[in-house]
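> Encoded as structure tokens, here's the structure I'll be asking about.
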Amino acid sequence: MQLYHVRQQLVSRPLHDIRGEVFRQLDAAGLSIPCGRIAVTVGSRGICSLPVIIRACGDWLKQQGASPFIVPAMGSHNGATAEGQQQMIES
């Protein structure tokens with residue numbers, strides 16, 4: 001068996017206006033948003049600034065006339081309980 005030393009260099013292009021970028025991307029998607037309740041699924045896979053992104057999604061949906069609510073989509077994270085997943089989302 002041979003082992004190789006590997007280096008990964010990631011390109012960092014941080015967004016300075018995350019909320020604005022979320023709004024731009026959602027506007028550009030050309031979605032037809034129904035009025036009424038809309039679930040926004042939230043996972044826990046280490047997405048940077050996840051609370052800011054989710055809040056921006058909710059705010060954008062509200063501007064479109066929807067009533068968004070959060071649904072955890074985490075599988076077995078935090079014990080696979082609603083309470084554990086809620087704690088994960090809130091943190």
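Here, A, B, ... name the chains of the structure tokens in the order displayed, residue numbers run from 1 inside each chain, and ligands are numbered from 1 in the same displayed order.
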Could you pull out the residues in chain A that DSSP calls helix (DSSP H, G or I) from the backbone, as a PyMOL selection string?

chain A and resi 18-28+50-63+77-80+82-90

> Please report, as a list in words, each residue of chain A to which DSSP assigns strand (DSSP E or B) when run on this structure's backbone.

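DSSP on the backbone gives strand (DSSP E or B) at Gly36, Arg37, Ile38, Ala39, Val40, Thr41, Val42, Ala66, Ser67, Pro68, Phe69, Ile70, Val71 and Pro72 of chain A.
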
> Suppose we keep N, CA, C and O atoms; can you now write the selection as a PDB file, in the first residue's frame?


```pdb
ATOM      1  N   GLY A  36     -49.795  31.407   1.673  1.00  0.00           N
ATOM      2  CA  GLY A  36     -50.087  30.396   2.681  1.00  0.00           C
ATOM      3  C   GLY A  36     -48.816  29.892   3.320  1.00  0.00           C
ATOM      4  O   GLY A  36     -47.735  30.465   3.159  1.00  0.00           O
ATOM      5  N   ARG A  37     -48.938  28.822   4.046  1.00  0.00           N
ATOM      6  CA  ARG A  37     -47.811  28.265   4.799  1.00  0.00           C
ATOM      7  C   ARG A  37     -46.864  27.504   3.888  1.00  0.00           C
ATOM      8  O   ARG A  37     -47.291  26.729   3.045  1.00  0.00           O
ATOM      9  N   ILE A  38     -45.573  27.760   4.092  1.00  0.00           N
ATOM     10  CA  ILE A  38     -44.523  27.090   3.325  1.00  0.00           C
ATOM     11  C   ILE A  38     -43.455  26.611   4.299  1.00  0.00           C
ATOM     12  O   ILE A  38     -42.944  27.399   5.095  1.00  0.00           O
ATOM     13  N   ALA A  39     -43.124  25.333   4.215  1.00  0.00           N
ATOM     14  CA  ALA A  39     -42.078  24.759   5.068  1.00  0.00           C
ATOM     15  C   ALA A  39     -40.706  25.101   4.507  1.00  0.00           C
ATOM     16  O   ALA A  39     -40.467  25.006   3.304  1.00  0.00           O
ATOM     17  N   VAL A  40     -39.815  25.491   5.402  1.00  0.00           N
ATOM     18  CA  VAL A  40     -38.413  25.725   5.057  1.00  0.00           C
ATOM     19  C   VAL A  40     -37.627  24.664   5.804  1.00  0.00           C
ATOM     20  O   VAL A  40     -37.580  24.668   7.036  1.00  0.00           O
ATOM     21  N   THR A  41     -37.052  23.716   5.069  1.00  0.00           N
ATOM     22  CA  THR A  41     -36.307  22.644   5.725  1.00  0.00           C
ATOM     23  C   THR A  41     -34.911  23.131   6.087  1.00  0.00           C
ATOM     24  O   THR A  41     -34.282  23.872   5.340  1.00  0.00           O
ATOM     25  N   VAL A  42     -34.452  22.714   7.261  1.00  0.00           N
ATOM     26  CA  VAL A  42     -33.144  23.149   7.751  1.00  0.00           C
ATOM     27  C   VAL A  42     -32.350  21.941   8.202  1.00  0.00           C
ATOM     28  O   VAL A  42     -32.772  21.216   9.094  1.00  0.00           O
ATOM     29  N   ALA A  66     -46.026  34.662   1.524  1.00  0.00           N
ATOM     30  CA  ALA A  66     -46.105  33.343   2.157  1.00  0.00           C
ATOM     31  C   ALA A  66     -45.961  33.469   3.672  1.00  0.00           C
ATOM     32  O   ALA A  66     -45.557  34.508   4.189  1.00  0.00           O
ATOM     33  N   SER A  67     -46.271  32.390   4.358  1.00  0.00           N
ATOM     34  CA  SER A  67     -46.094  32.282   5.813  1.00  0.00           C
ATOM     35  C   SER A  67     -45.141  31.121   6.084  1.00  0.00           C
ATOM     36  O   SER A  67     -45.577  29.980   6.280  1.00  0.00           O
ATOM     37  N   PRO A  68     -43.833  31.374   6.080  1.00  0.00           N
ATOM     38  CA  PRO A  68     -42.866  30.286   6.234  1.00  0.00           C
ATOM     39  C   PRO A  68     -42.771  29.780   7.676  1.00  0.00           C
ATOM     40  O   PRO A  68     -43.001  30.529   8.626  1.00  0.00           O
ATOM     41  N   PHE A  69     -42.459  28.493   7.795  1.00  0.00           N
ATOM     42  CA  PHE A  69     -42.153  27.902   9.100  1.00  0.00           C
ATOM     43  C   PHE A  69     -41.016  26.908   8.904  1.00  0.00           C
ATOM     44  O   PHE A  69     -40.818  26.381   7.814  1.00  0.00           O
ATOM     45  N   ILE A  70     -40.249  26.673   9.957  1.00  0.00           N
ATOM     46  CA  ILE A  70     -39.054  25.831   9.870  1.00  0.00           C
ATOM     47  C   ILE A  70     -39.393  24.389  10.219  1.00  0.00           C
ATOM     48  O   ILE A  70     -40.114  24.119  11.177  1.00  0.00           O
ATOM     49  N   VAL A  71     -38.826  23.471   9.423  1.00  0.00           N
ATOM     50  CA  VAL A  71     -38.955  22.036   9.657  1.00  0.00           C
ATOM     51  C   VAL A  71     -37.538  21.465   9.715  1.00  0.00           C
ATOM     52  O   VAL A  71     -36.763  21.650   8.776  1.00  0.00           O
ATOM     53  N   PRO A  72     -37.182  20.793  10.814  1.00  0.00           N
ATOM     54  CA  PRO A  72     -35.849  20.194  10.869  1.00  0.00           C
ATOM     55  C   PRO A  72     -35.718  19.060   9.861  1.00  0.00           C
ATOM     56  O   PRO A  72     -36.645  18.274   9.680  1.00  0.00           O
TER      57      PRO A  72
END
```

> Mind giving me the straight-line distance from CA of Glu90 (chain A) to CA of Pro51 (chain A) in Å, one decimal?

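Answer for the CA of Glu90 (chain A) to CA of Pro51 (chain A) separation: 8.1 Å.
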
> Enter the distance from CA of Gly65 (chain A) to CA of Val52 (chain A), in Å, rounded to one decimal.

20.1 Å

> Of the residues A:Gln86, A:Gln63, A:Ser91, A:Thr81, which is the one nearest to Leu26 (chain A), using only C-alpha atoms?

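With only C-alpha atoms as the atom set, the closest residue is A:Gln63.
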
> Would you list the contacts of Asp27 (chain A) as a PyMOL selection string, taking every protein, DNA or RNA residue within 10 Å and counting only C-alpha atoms, but skipping same-chain residues closer than 5 positions in sequence?

chain A and resi 21-22+60

> Next, the residues of the selection above should be written as a PDB file, in the first residue's frame with all heavy atoms.


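Output contents, as saved in out-v8.pdb:
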```
ATOM      1  N   GLU A  21     -27.452  38.553  -0.864  1.00  0.00           N
ATOM      2  CA  GLU A  21     -27.180  37.501  -1.848  1.00  0.00           C
ATOM      3  C   GLU A  21     -28.290  36.453  -1.865  1.00  0.00           C
ATOM      4  O   GLU A  21     -28.681  35.974  -2.929  1.00  0.00           O
ATOM      5  CB  GLU A  21     -25.828  36.834  -1.573  1.00  0.00           C
ATOM      6  CG  GLU A  21     -25.410  35.850  -2.637  1.00  0.00           C
ATOM      7  CD  GLU A  21     -25.236  36.473  -4.024  1.00  0.00           C
ATOM      8  OE1 GLU A  21     -24.970  37.684  -4.135  1.00  0.00           O
ATOM      9  OE2 GLU A  21     -25.370  35.729  -5.014  1.00  0.00           O
ATOM     10  N   VAL A  22     -28.809  36.099  -0.685  1.00  0.00           N
ATOM     11  CA  VAL A  22     -29.939  35.163  -0.627  1.00  0.00           C
ATOM     12  C   VAL A  22     -31.122  35.741  -1.406  1.00  0.00           C
ATOM     13  O   VAL A  22     -31.741  35.050  -2.224  1.00  0.00           O
ATOM     14  CB  VAL A  22     -30.332  34.843   0.830  1.00  0.00           C
ATOM     15  CG1 VAL A  22     -31.658  34.103   0.899  1.00  0.00           C
ATOM     16  CG2 VAL A  22     -29.236  34.032   1.516  1.00  0.00           C
ATOM     17  N   TRP A  60     -37.650  36.675   2.761  1.00  0.00           N
ATOM     18  CA  TRP A  60     -37.968  36.760   1.336  1.00  0.00           C
ATOM     19  C   TRP A  60     -39.334  36.135   1.055  1.00  0.00           C
ATOM     20  O   TRP A  60     -40.147  36.699   0.333  1.00  0.00           O
ATOM     21  CB  TRP A  60     -36.879  36.074   0.515  1.00  0.00           C
ATOM     22  CG  TRP A  60     -37.069  36.204  -0.955  1.00  0.00           C
ATOM     23  CD1 TRP A  60     -36.661  37.235  -1.753  1.00  0.00           C
ATOM     24  CD2 TRP A  60     -37.736  35.278  -1.821  1.00  0.00           C
ATOM     25  NE1 TRP A  60     -37.029  36.999  -3.061  1.00  0.00           N
ATOM     26  CE2 TRP A  60     -37.694  35.801  -3.130  1.00  0.00           C
ATOM     27  CE3 TRP A  60     -38.362  34.052  -1.622  1.00  0.00           C
ATOM     28  CZ2 TRP A  60     -38.240  35.143  -4.232  1.00  0.00           C
ATOM     29  CZ3 TRP A  60     -38.911  33.398  -2.707  1.00  0.00           C
ATOM     30  CH2 TRP A  60     -38.854  33.943  -3.988  1.00  0.00           C
TER      31      TRP A  60
END
```

> Hey, can you check how far CA of Ile54 (chain A) sits from CA of Gln25 (chain A)?

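Here the two named atoms are 13.3 Å from each other.
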
> Please identify all polymer residues within 10 Å of Ser32 (chain A), counting only C-alpha atoms, omitting same-chain residues fewer than 3 positions from it, and present them as a CSV table (one decimal) with N, CA, C and O atoms, in the first residue's frame.


```
chain,number,residue,atom,x,y,z
A,29,ALA,N,-34.2,33.0,-9.3
A,29,ALA,CA,-34.7,31.6,-9.5
A,29,ALA,C,-36.1,31.7,-10.2
A,29,ALA,O,-36.5,30.6,-10.8
A,35,CYS,N,-49.4,31.7,-1.8
A,35,CYS,CA,-49.7,32.3,-0.6
A,35,CYS,C,-50.0,31.2,0.4
A,35,CYS,O,-50.5,30.1,0.0
A,64,GLN,N,-43.0,37.7,-0.4
A,64,GLN,CA,-43.8,37.1,-1.5
A,64,GLN,C,-45.2,36.8,-1.1
A,64,GLN,O,-46.0,36.3,-1.9
```
